[in-house]
$ cat data18.txt   # compact mmCIF, C-alpha atoms
# COMPACT_ATOMS: atom_id res chain seq x y z
CA HIS A 1 100.99 38.90 89.54
CA SER A 2 100.93 37.99 93.21
CA VAL A 3 102.94 34.98 94.25
CA LEU A 4 99.91 34.02 96.36
CA ALA A 5 97.78 33.48 93.27
CA GLN A 6 100.31 30.97 91.93
CA LEU A 7 100.48 28.74 95.02
CA ASP A 8 99.77 25.07 94.41
CA ALA A 9 98.86 24.47 98.05
CA PRO A 10 95.24 25.06 99.11
CA ARG A 11 94.71 28.57 100.42
CA ASP A 12 93.84 27.33 103.90
CA SER A 13 96.88 25.03 104.20
CA PRO A 14 99.70 25.86 106.68
CA ILE A 15 102.20 26.27 103.82
CA ALA A 16 99.99 28.75 101.95
CA ALA A 17 99.32 30.66 105.17
CA ALA A 18 103.04 30.91 105.94
CA ARG A 19 103.80 32.17 102.45
CA ALA A 20 100.98 34.68 102.66
CA HIS A 21 102.29 35.97 105.98
CA ALA A 22 105.83 36.27 104.57
CA GLU A 23 104.74 38.10 101.44
CA PHE A 24 102.57 40.52 103.37
CA ALA A 25 105.36 41.18 105.89
CA HIS A 26 107.73 41.92 102.99
CA LEU A 27 105.26 44.39 101.49
CA VAL A 28 104.83 46.19 104.82
CA SER A 29 108.61 46.33 105.28
CA ALA A 30 109.13 47.72 101.76
CA ALA A 31 106.51 50.39 102.40
CA GLN A 32 108.31 51.77 105.46
CA SER A 33 110.94 53.68 103.48
CA PHE A 34 108.16 55.52 101.62
CA LEU A 35 105.98 56.12 104.70
CA SER A 36 108.67 57.86 106.78
CA TYR A 37 108.78 61.66 106.79
CA PRO A 38 110.82 62.53 104.91
CA PRO A 39 110.80 59.39 102.80
CA ALA A 40 114.19 57.67 102.86
CA ALA A 41 115.03 58.80 99.31
CA LEU A 42 114.71 62.46 100.33
CA GLU A 43 116.76 62.28 103.54
CA ARG A 44 119.99 63.18 101.71
CA PHE A 45 118.60 66.66 101.03
CA GLY A 46 118.88 67.43 104.75
CA LYS A 47 116.58 69.49 106.93
CA GLY A 48 115.69 71.88 104.12
CA TRP A 49 114.25 69.20 101.84
CA GLU A 50 110.71 70.57 102.02
CA ALA A 51 111.88 73.94 100.67
CA LEU A 52 112.89 72.22 97.43
CA LEU A 53 109.32 71.12 96.67
CA ALA A 54 106.03 72.86 95.92
CA GLU A 55 103.44 72.94 98.70
CA LYS A 56 100.88 71.13 96.54
CA ASP A 57 103.37 68.30 95.97
CA LEU A 58 104.06 68.01 99.69
CA ALA A 59 100.32 67.92 100.40
CA ALA A 60 99.84 65.23 97.75
CA LEU A 61 102.64 63.18 99.29
CA ALA A 62 101.11 63.44 102.76
CA ALA A 63 97.72 62.33 101.42
CA GLU A 64 99.27 59.40 99.55
CA GLN A 65 101.21 58.33 102.62
CA LYS A 66 98.08 58.49 104.80
CA ALA A 67 96.10 56.39 102.33
CA VAL A 68 98.79 53.69 102.21
CA HIS A 69 99.27 53.76 105.98
CA ASP A 70 95.54 53.40 106.59
CA SER A 71 95.10 50.56 104.09
CA LEU A 72 98.04 48.61 105.54
CA ALA A 73 96.84 49.24 109.10
CA ALA A 74 93.36 47.99 108.22
CA ALA A 75 94.83 44.85 106.66
CA ILE A 76 96.98 44.18 109.73
CA ALA A 77 93.99 44.69 112.03
CA LYS A 78 92.16 41.81 110.36
CA GLY A 79 94.60 39.41 112.01
CA ARG A 80 95.13 37.37 108.85
CA PRO A 81 97.08 37.74 105.62
CA PRO A 82 95.19 39.53 102.84
CA SER A 83 93.56 37.50 100.10
CA PRO A 84 95.30 37.53 96.70
CA GLU A 85 92.92 40.25 95.51
CA GLU A 86 93.43 42.32 98.66
CA PHE A 87 97.20 41.88 98.40
CA GLU A 88 97.28 43.11 94.81
CA SER A 89 95.27 46.19 95.81
CA LEU A 90 97.68 46.92 98.67
CA ARG A 91 100.68 46.33 96.44
CA ALA A 92 99.29 48.77 93.87
CA ASP A 93 98.92 51.38 96.62
CA VAL A 94 102.55 50.94 97.71
CA VAL A 95 103.83 51.06 94.11
CA ARG A 96 101.87 54.28 93.52
CA LEU A 97 103.46 55.82 96.64
CA ARG A 98 106.90 54.63 95.54
CA ASP A 99 106.46 56.29 92.15
CA ALA A 100 105.25 59.51 93.80
CA VAL A 101 108.37 59.59 95.99
CA ALA A 102 110.58 58.98 92.94
CA THR A 103 108.93 61.90 91.14
CA LEU A 104 109.50 64.17 94.14
CA TYR A 105 113.12 63.05 94.37
CA GLY A 106 113.65 64.12 90.76
CA ALA A 107 112.01 67.49 91.43
CA ALA A 108 114.12 68.04 94.56
CA LEU A 109 117.27 67.11 92.67
CA ARG A 110 116.53 69.63 89.93
CA ALA A 111 115.77 72.34 92.48
CA ALA A 112 118.96 71.61 94.41
CA ALA A 113 121.02 71.74 91.20
CA GLY A 114 119.72 75.25 90.51
CA ARG A 115 120.92 76.63 93.82
CA ASP A 116 124.08 78.57 94.43
CA HIS A 117 126.26 75.90 95.99
CA PRO A 118 129.24 76.41 98.31
CA ARG A 119 132.55 76.44 96.45
CA LEU A 120 134.87 73.48 96.88
CA GLY A 121 138.04 74.47 98.74
CA ILE A 122 136.68 77.96 99.47
CA ASP A 123 133.28 77.77 101.20
CA ILE A 124 133.96 74.09 101.83
CA PRO A 125 137.43 73.95 103.44
CA LEU A 126 139.38 70.75 102.81
CA VAL A 127 141.96 68.89 104.88
CA ARG A 128 144.46 66.10 104.35
CA LEU A 129 142.67 62.84 105.14
CA ALA A 130 145.73 61.48 106.90
CA GLY A 131 146.77 64.06 109.47
CA GLY A 132 143.97 66.58 109.13
CA GLU A 133 146.16 69.56 108.22
CA GLU A 134 144.81 72.25 105.90
CA ALA A 135 144.80 71.22 102.25
CA PRO A 136 146.22 73.13 99.29
CA PRO A 137 143.77 74.88 96.92
CA VAL A 138 142.00 72.80 94.29
CA ALA A 139 141.38 75.70 91.90
CA GLY A 140 142.33 74.77 88.34
CA LYS A 141 142.46 71.05 89.11
CA VAL A 142 140.50 67.98 88.09
CA VAL A 143 138.94 66.64 91.30
CA ALA A 144 137.44 63.21 91.92
CA MET A 145 134.98 63.39 94.81
CA TYR A 146 134.92 59.97 96.43
CA HIS A 147 131.73 59.31 98.38
CA THR A 148 132.48 56.44 100.75
CA ALA A 149 132.08 55.13 104.30
CA SER A 150 133.81 52.69 106.64
CA TRP A 151 130.70 50.47 106.79
CA CYS A 152 130.49 50.13 103.00
CA GLY A 153 131.92 46.80 101.81
CA PRO A 154 132.01 47.73 98.08
CA CYS A 155 133.89 50.90 99.06
CA ARG A 156 136.62 48.87 100.76
CA GLN A 157 136.95 46.83 97.56
CA PHE A 158 137.12 49.93 95.36
CA THR A 159 139.56 52.03 97.41
CA PRO A 160 142.76 50.10 96.46
CA GLY A 161 142.06 50.66 92.76
CA LEU A 162 141.46 54.34 93.42
CA ARG A 163 144.79 54.53 95.25
CA VAL A 164 146.61 53.04 92.24
CA ALA A 165 144.87 55.44 89.86
CA TYR A 166 145.69 58.37 92.14
CA ASP A 167 149.40 57.56 91.99
CA LEU A 168 149.29 57.04 88.22
CA PHE A 169 147.50 60.33 87.56
CA ARG A 170 149.69 62.31 89.94
CA HIS A 171 152.91 61.17 88.29
CA ALA A 172 151.86 60.88 84.64
CA PRO A 173 153.61 63.45 82.41
CA GLY A 174 151.39 65.94 80.62
CA VAL A 175 148.33 65.20 82.78
CA ARG A 176 146.44 68.06 84.41
CA GLU A 177 146.75 68.45 88.15
CA PHE A 178 144.56 65.82 89.77
CA GLU A 179 143.19 65.45 93.29
CA VAL A 180 140.84 63.16 95.17
CA VAL A 181 138.50 64.55 97.84
CA GLN A 182 136.96 62.00 100.18
CA VAL A 183 133.34 62.72 101.11
CA SER A 184 132.56 60.52 104.10
CA TRP A 185 129.10 59.17 104.87
CA ASP A 186 130.30 57.71 108.18
CA ARG A 187 127.83 58.09 111.02
CA ASP A 188 130.30 59.18 113.70
CA GLU A 189 133.67 60.89 113.87
CA GLN A 190 135.43 57.89 115.41
CA SER A 191 134.51 55.72 112.42
CA PHE A 192 135.71 58.49 110.10
CA SER A 193 139.04 58.76 111.94
CA ASP A 194 139.57 54.99 112.11
CA TYR A 195 138.85 54.65 108.40
CA ALA A 196 141.33 57.42 107.58
CA ALA A 197 144.02 55.90 109.81
CA LYS A 198 143.56 52.44 108.32
CA SER A 199 143.53 53.51 104.68
CA GLN A 200 146.41 56.02 104.99
CA ALA A 201 145.14 57.51 101.74
CA PRO A 202 147.20 60.52 100.60
CA TRP A 203 144.28 62.54 99.28
CA LEU A 204 142.06 65.29 100.68
CA ALA A 205 138.77 65.14 102.55
CA VAL A 206 135.78 67.17 103.64
CA PRO A 207 136.16 67.39 107.45
CA PHE A 208 133.76 65.09 109.26
CA ALA A 209 132.28 68.00 111.24
CA ASN A 210 131.04 69.64 108.04
CA ARG A 211 128.00 67.39 107.52
CA LYS A 212 126.18 70.17 105.67
CA ALA A 213 128.86 70.09 102.97
CA VAL A 214 128.50 66.32 102.62
CA ASP A 215 124.75 66.71 102.11
CA ASP A 216 125.29 69.57 99.68
CA LEU A 217 127.75 67.62 97.53
CA ALA A 218 125.46 64.58 97.49
CA GLN A 219 122.49 66.74 96.46
CA ARG A 220 124.41 68.67 93.86
CA HIS A 221 125.56 65.57 92.01
CA GLY A 222 122.65 63.22 92.71
CA VAL A 223 124.64 60.75 94.79
CA VAL A 224 122.30 58.26 96.45
CA GLY A 225 124.54 55.22 96.95
CA LEU A 226 128.09 54.17 97.77
CA PRO A 227 130.70 54.06 96.49
CA SER A 228 130.40 56.95 94.06
CA LEU A 229 133.12 58.84 92.22
CA VAL A 230 132.10 62.19 90.75
CA VAL A 231 134.81 63.88 88.67
CA VAL A 232 134.68 67.66 88.26
CA GLU A 233 136.85 70.35 86.75
CA VAL A 234 137.37 73.32 89.07
CA SER A 235 137.80 76.69 87.35
CA ALA A 236 141.11 78.52 87.69
CA ASP A 237 139.56 81.01 90.13
CA GLY A 238 137.85 78.27 92.11
CA GLN A 239 134.41 79.83 91.64
CA THR A 240 132.74 77.14 89.53
CA THR A 241 132.92 73.42 88.84
CA LYS A 242 132.03 71.46 85.72
CA VAL A 243 131.02 67.80 85.98
CA LEU A 244 133.19 65.60 83.76
CA SER A 245 131.72 62.29 84.94
CA SER A 246 128.83 61.64 87.31
CA ASP A 247 130.26 58.23 88.25
CA ALA A 248 133.74 57.40 86.98
CA ARG A 249 134.33 54.18 88.92
CA GLN A 250 134.44 51.84 85.94
CA GLU A 251 136.42 54.32 83.83
CA LEU A 252 138.99 54.54 86.59
CA LEU A 253 139.29 50.77 86.99
CA ASP A 254 139.63 50.40 83.20
CA PHE A 255 142.42 53.00 83.26
CA VAL A 256 144.24 51.14 86.01
CA ALA A 257 143.95 47.83 84.13
CA ALA A 258 145.21 49.40 80.88
CA HIS A 259 148.25 50.91 82.58
CA GLY A 260 149.30 47.82 84.42
CA GLY A 261 148.00 48.84 87.86
$ encode --input "data18.txt" --output "structure tokens"
Amino acid sequence: HSVLAQLDAPRDSPIAAARAHAEFAHLVSAAQSFLSYPPAALERFGKGWEALLAEKDLAALAAEQKAVHDSLAAAIAKGRPPSPEEFESLRADVVRLRDAVATLYGAALRAAAGRDHPRLGIDIPLVRLAGGEEAPPVAGKVVAMYHTASWCGPCRQFTPGLRVAYDLFRHAPGVREFEVVQVSWDRDEQSFSDYAAKSQAPWLAVPFANRKAVDDLAQRHGVVGLPSLVVVEVSADGQTTKVLSSDARQELLDFVAAHGG
């Protein structure tokens, strides 16, 4: 139910008008991520996102976006907040568009998963995060792909625990060879370099210049937020990877706590 319909103040009072304005502004703001082209949720699929979807689905999306855009524009043109009934109708339009975008995201994710993806450490060369020199092969290893960025506060909180786990795994007897590959979502190379210099993390990284690989890895494993830790097993010949955990953050922190990290 609309908050507007539950207001105690008379509908023509200044307080009710202010609340109505605020709620309508929030709805318009929320709609923006679904009205952009591509919608924000599909941006991680890169420039080829449309190729992942059927033409009829793209046409349906465009029609849904136009309908929502037009209804919001008409409401704004009235120069007043919508009535409770009008607001609920607009909200239903935005929710319908949101659900349509979510459905398309799922379809794009399935299509991307069915593609032949570049091979980690072969088609996607890796470097040492600190120093930038060429990295050793990851074939036959268990690899934790750490999606992170310098601007991500939760990432800065998680990284120390990952560093402890890295050291524990690397030195534990009888444990398979383990590596971490940092997948940076930083927006510019300077931020990437500063983050690497500050963290002094000993693990590997996808070079900043290879933004296509970052998008590919995010698509392949359905990463839409940060931080994310996807653990895979790389075959002995390096040709294939098998996902062991789609997000191992809590498992890793539990391991660190259990081993006195």
$ atom_distance --input "data18.txt" --atom1 "atom CA of Gly132 of chain A" --atom2 "atom CA of Ala201 of chain A"
11.8 Å
$ closest_residue --input "data18.txt" --among "A:Ala149, A:Ala248, A:Val256, A:Ala213" --to "Asp167 of chain A" --atoms "all atoms listed in the file"
A:Val256
$ residues_near_point --input "data18.txt" --point "(121.3, 68.5, 104.7)" --cutoff "6 Å" --atoms "all atoms listed in the file" --output "PyMOL selection string"
chain A and resi 45-47+212+215
$ atom_distance --input "data18.txt" --atom1 "atom CA of Gln219 of chain A" --atom2 "atom CA of Ala108 of chain A"
8.7 Å
$ closest_residue --input "data18.txt" --among "A:Pro38, A:Gly174, A:Pro137, A:Gly79" --to "Val101 of chain A" --atoms "only C-alpha atoms"
A:Pro38
$ atom_distance --input "data18.txt" --atom1 "atom CA of Ser71 of chain A" --atom2 "atom CA of Ala18 of chain A"
21.3 Å
$ residues_around --input "data18.txt" --residues "Lys198 of chain A" --least-positions-apart "4" --cutoff "10 Å" --atoms "all atoms listed in the file" --output "ChimeraX atom specification"
/A:130,150,193-194
$ residues_near_point --input "data18.txt" --point "(143.3, 43.4, 88.3)" --cutoff "12 Å" --atoms "all atoms listed in the file" --output "NGL selection string"
:A and (157-158 or 160-161 or 164 or 253-261)
$ residues_around --input "data18.txt" --residues "Leu204 of chain A" --least-positions-apart "2" --cutoff "8 Å" --atoms "only C-alpha atoms" --output "short mmCIF file (atom, residue, chain, number, x, y, z; two decimals) with C-alpha atoms, keeping the file's coordinate frame"
data_model
loop_
_atom_site.label_atom_id
_atom_site.label_comp_id
_atom_site.auth_asym_id
_atom_site.auth_seq_id
_atom_site.Cartn_x
_atom_site.Cartn_y
_atom_site.Cartn_z
CA LEU A 126 139.38 70.75 102.81
CA VAL A 127 141.96 68.89 104.88
CA ARG A 128 144.46 66.10 104.35
CA LEU A 129 142.67 62.84 105.14
CA ALA A 135 144.80 71.22 102.25
CA GLU A 179 143.19 65.45 93.29
CA VAL A 180 140.84 63.16 95.17
CA VAL A 181 138.50 64.55 97.84
CA GLN A 182 136.96 62.00 100.18
CA PRO A 202 147.20 60.52 100.60
CA VAL A 206 135.78 67.17 103.64
#
$ axis_aligned_box --input "data18.txt" --around "segment 21-27 of chain A" --padding-each-side "3 Å" --output "JSON"
{"center_x": 105.0, "center_y": 40.2, "center_z": 103.7, "size_x": 11.4, "size_y": 14.4, "size_z": 10.5}
$ closest_residue --input "data18.txt" --among "A:Ser184, A:Ile124, A:Asn210, A:Val143" --to "Arg170 of chain A" --atoms "all atoms listed in the file"
A:Val143
$ closest_residue --input "data18.txt" --among "A:Ala139, A:Ala40, A:Ala75, A:Ala205" --to "Arg98 of chain A" --atoms "all atoms listed in the file"
A:Ala40
$ residues_around --input "data18.txt" --residues "Glu177 of chain A" --least-positions-apart "5" --cutoff "8 Å" --atoms "only C-alpha atoms" --output "list in words"
Gly140, Lys141, Val142 and Arg170 of chain A
$ closest_residue --input "data18.txt" --among "A:Ala67, A:Ala196, A:Leu217, A:Ala144" --to "Val232 of chain A" --atoms "all atoms listed in the file"
A:Ala144
$ closest_residue --input "data18.txt" --among "A:Pro227, A:Pro82, A:Gly238, A:Pro39" --to "Leu162 of chain A" --atoms "only C-alpha atoms"
A:Pro227
$ decode --input "data18.txt" --residues "segment 183-207 of chain A" --atoms "N, CA and C atoms" --output "PDB file, in the first residue's frame"
ATOM      1  N   VAL A 183      40.171  -9.575  -9.305  1.00  0.00           N
ATOM      2  CA  VAL A 183      39.444  -9.083 -10.471  1.00  0.00           C
ATOM      3  C   VAL A 183      38.925  -7.693 -10.096  1.00  0.00           C
ATOM      4  N   SER A 184      39.590  -6.659 -10.596  1.00  0.00           N
ATOM      5  CA  SER A 184      39.307  -5.304 -10.135  1.00  0.00           C
ATOM      6  C   SER A 184      38.178  -4.648 -10.911  1.00  0.00           C
ATOM      7  N   TRP A 185      37.261  -4.030 -10.165  1.00  0.00           N
ATOM      8  CA  TRP A 185      36.186  -3.246 -10.763  1.00  0.00           C
ATOM      9  C   TRP A 185      36.492  -1.748 -10.649  1.00  0.00           C
ATOM     10  N   ASP A 186      37.755  -1.408 -10.398  1.00  0.00           N
ATOM     11  CA  ASP A 186      38.123   0.009 -10.328  1.00  0.00           C
ATOM     12  C   ASP A 186      37.842   0.696 -11.653  1.00  0.00           C
ATOM     13  N   ARG A 187      37.557   1.983 -11.582  1.00  0.00           N
ATOM     14  CA  ARG A 187      37.137   2.731 -12.761  1.00  0.00           C
ATOM     15  C   ARG A 187      38.308   3.321 -13.546  1.00  0.00           C
ATOM     16  N   ASP A 188      39.492   3.375 -12.940  1.00  0.00           N
ATOM     17  CA  ASP A 188      40.647   3.909 -13.658  1.00  0.00           C
ATOM     18  C   ASP A 188      41.902   3.206 -13.170  1.00  0.00           C
ATOM     19  N   GLU A 189      42.931   3.242 -14.001  1.00  0.00           N
ATOM     20  CA  GLU A 189      44.150   2.481 -13.716  1.00  0.00           C
ATOM     21  C   GLU A 189      44.882   3.011 -12.497  1.00  0.00           C
ATOM     22  N   GLN A 190      44.813   4.332 -12.259  1.00  0.00           N
ATOM     23  CA  GLN A 190      45.488   4.891 -11.095  1.00  0.00           C
ATOM     24  C   GLN A 190      44.905   4.335  -9.800  1.00  0.00           C
ATOM     25  N   SER A 191      43.583   4.231  -9.743  1.00  0.00           N
ATOM     26  CA  SER A 191      42.935   3.663  -8.553  1.00  0.00           C
ATOM     27  C   SER A 191      43.345   2.202  -8.370  1.00  0.00           C
ATOM     28  N   PHE A 192      43.411   1.467  -9.474  1.00  0.00           N
ATOM     29  CA  PHE A 192      43.849   0.077  -9.438  1.00  0.00           C
ATOM     30  C   PHE A 192      45.267  -0.022  -8.880  1.00  0.00           C
ATOM     31  N   SER A 193      46.166   0.816  -9.389  1.00  0.00           N
ATOM     32  CA  SER A 193      47.570   0.780  -8.964  1.00  0.00           C
ATOM     33  C   SER A 193      47.725   1.199  -7.505  1.00  0.00           C
ATOM     34  N   ASP A 194      47.002   2.234  -7.098  1.00  0.00           N
ATOM     35  CA  ASP A 194      47.083   2.696  -5.707  1.00  0.00           C
ATOM     36  C   ASP A 194      46.578   1.621  -4.749  1.00  0.00           C
ATOM     37  N   TYR A 195      45.502   0.961  -5.136  1.00  0.00           N
ATOM     38  CA  TYR A 195      44.930  -0.109  -4.309  1.00  0.00           C
ATOM     39  C   TYR A 195      45.933  -1.254  -4.168  1.00  0.00           C
ATOM     40  N   ALA A 196      46.565  -1.627  -5.264  1.00  0.00           N
ATOM     41  CA  ALA A 196      47.553  -2.701  -5.238  1.00  0.00           C
ATOM     42  C   ALA A 196      48.743  -2.332  -4.358  1.00  0.00           C
ATOM     43  N   ALA A 197      49.210  -1.081  -4.489  1.00  0.00           N
ATOM     44  CA  ALA A 197      50.368  -0.641  -3.709  1.00  0.00           C
ATOM     45  C   ALA A 197      50.046  -0.608  -2.216  1.00  0.00           C
ATOM     46  N   LYS A 198      48.836  -0.179  -1.886  1.00  0.00           N
ATOM     47  CA  LYS A 198      48.456  -0.069  -0.484  1.00  0.00           C
ATOM     48  C   LYS A 198      48.252  -1.435   0.160  1.00  0.00           C
ATOM     49  N   SER A 199      47.625  -2.343  -0.567  1.00  0.00           N
ATOM     50  CA  SER A 199      47.322  -3.656   0.013  1.00  0.00           C
ATOM     51  C   SER A 199      48.553  -4.557   0.083  1.00  0.00           C
ATOM     52  N   GLN A 200      49.467  -4.396  -0.882  1.00  0.00           N
ATOM     53  CA  GLN A 200      50.656  -5.261  -0.959  1.00  0.00           C
ATOM     54  C   GLN A 200      50.272  -6.738  -0.887  1.00  0.00           C
ATOM     55  N   ALA A 201      49.150  -7.073  -1.471  1.00  0.00           N
ATOM     56  CA  ALA A 201      48.693  -8.462  -1.474  1.00  0.00           C
ATOM     57  C   ALA A 201      49.610  -9.309  -2.348  1.00  0.00           C
ATOM     58  N   PRO A 202      49.918 -10.529  -1.925  1.00  0.00           N
ATOM     59  CA  PRO A 202      50.880 -11.361  -2.654  1.00  0.00           C
ATOM     60  C   PRO A 202      50.276 -12.158  -3.809  1.00  0.00           C
ATOM     61  N   TRP A 203      48.985 -12.004  -4.040  1.00  0.00           N
ATOM     62  CA  TRP A 203      48.342 -12.856  -5.032  1.00  0.00           C
ATOM     63  C   TRP A 203      48.390 -12.287  -6.443  1.00  0.00           C
ATOM     64  N   LEU A 204      47.657 -12.938  -7.343  1.00  0.00           N
ATOM     65  CA  LEU A 204      47.670 -12.583  -8.759  1.00  0.00           C
ATOM     66  C   LEU A 204      46.517 -11.639  -9.085  1.00  0.00           C
ATOM     67  N   ALA A 205      46.510 -11.143 -10.325  1.00  0.00           N
ATOM     68  CA  ALA A 205      45.446 -10.232 -10.734  1.00  0.00           C
ATOM     69  C   ALA A 205      45.248 -10.301 -12.242  1.00  0.00           C
ATOM     70  N   VAL A 206      44.034  -9.978 -12.666  1.00  0.00           N
ATOM     71  CA  VAL A 206      43.774  -9.702 -14.075  1.00  0.00           C
ATOM     72  C   VAL A 206      44.267  -8.276 -14.325  1.00  0.00           C
ATOM     73  N   PRO A 207      45.145  -8.052 -15.314  1.00  0.00           N
ATOM     74  CA  PRO A 207      45.638  -6.690 -15.563  1.00  0.00           C
ATOM     75  C   PRO A 207      44.499  -5.710 -15.768  1.00  0.00           C
TER      76      PRO A 207
END
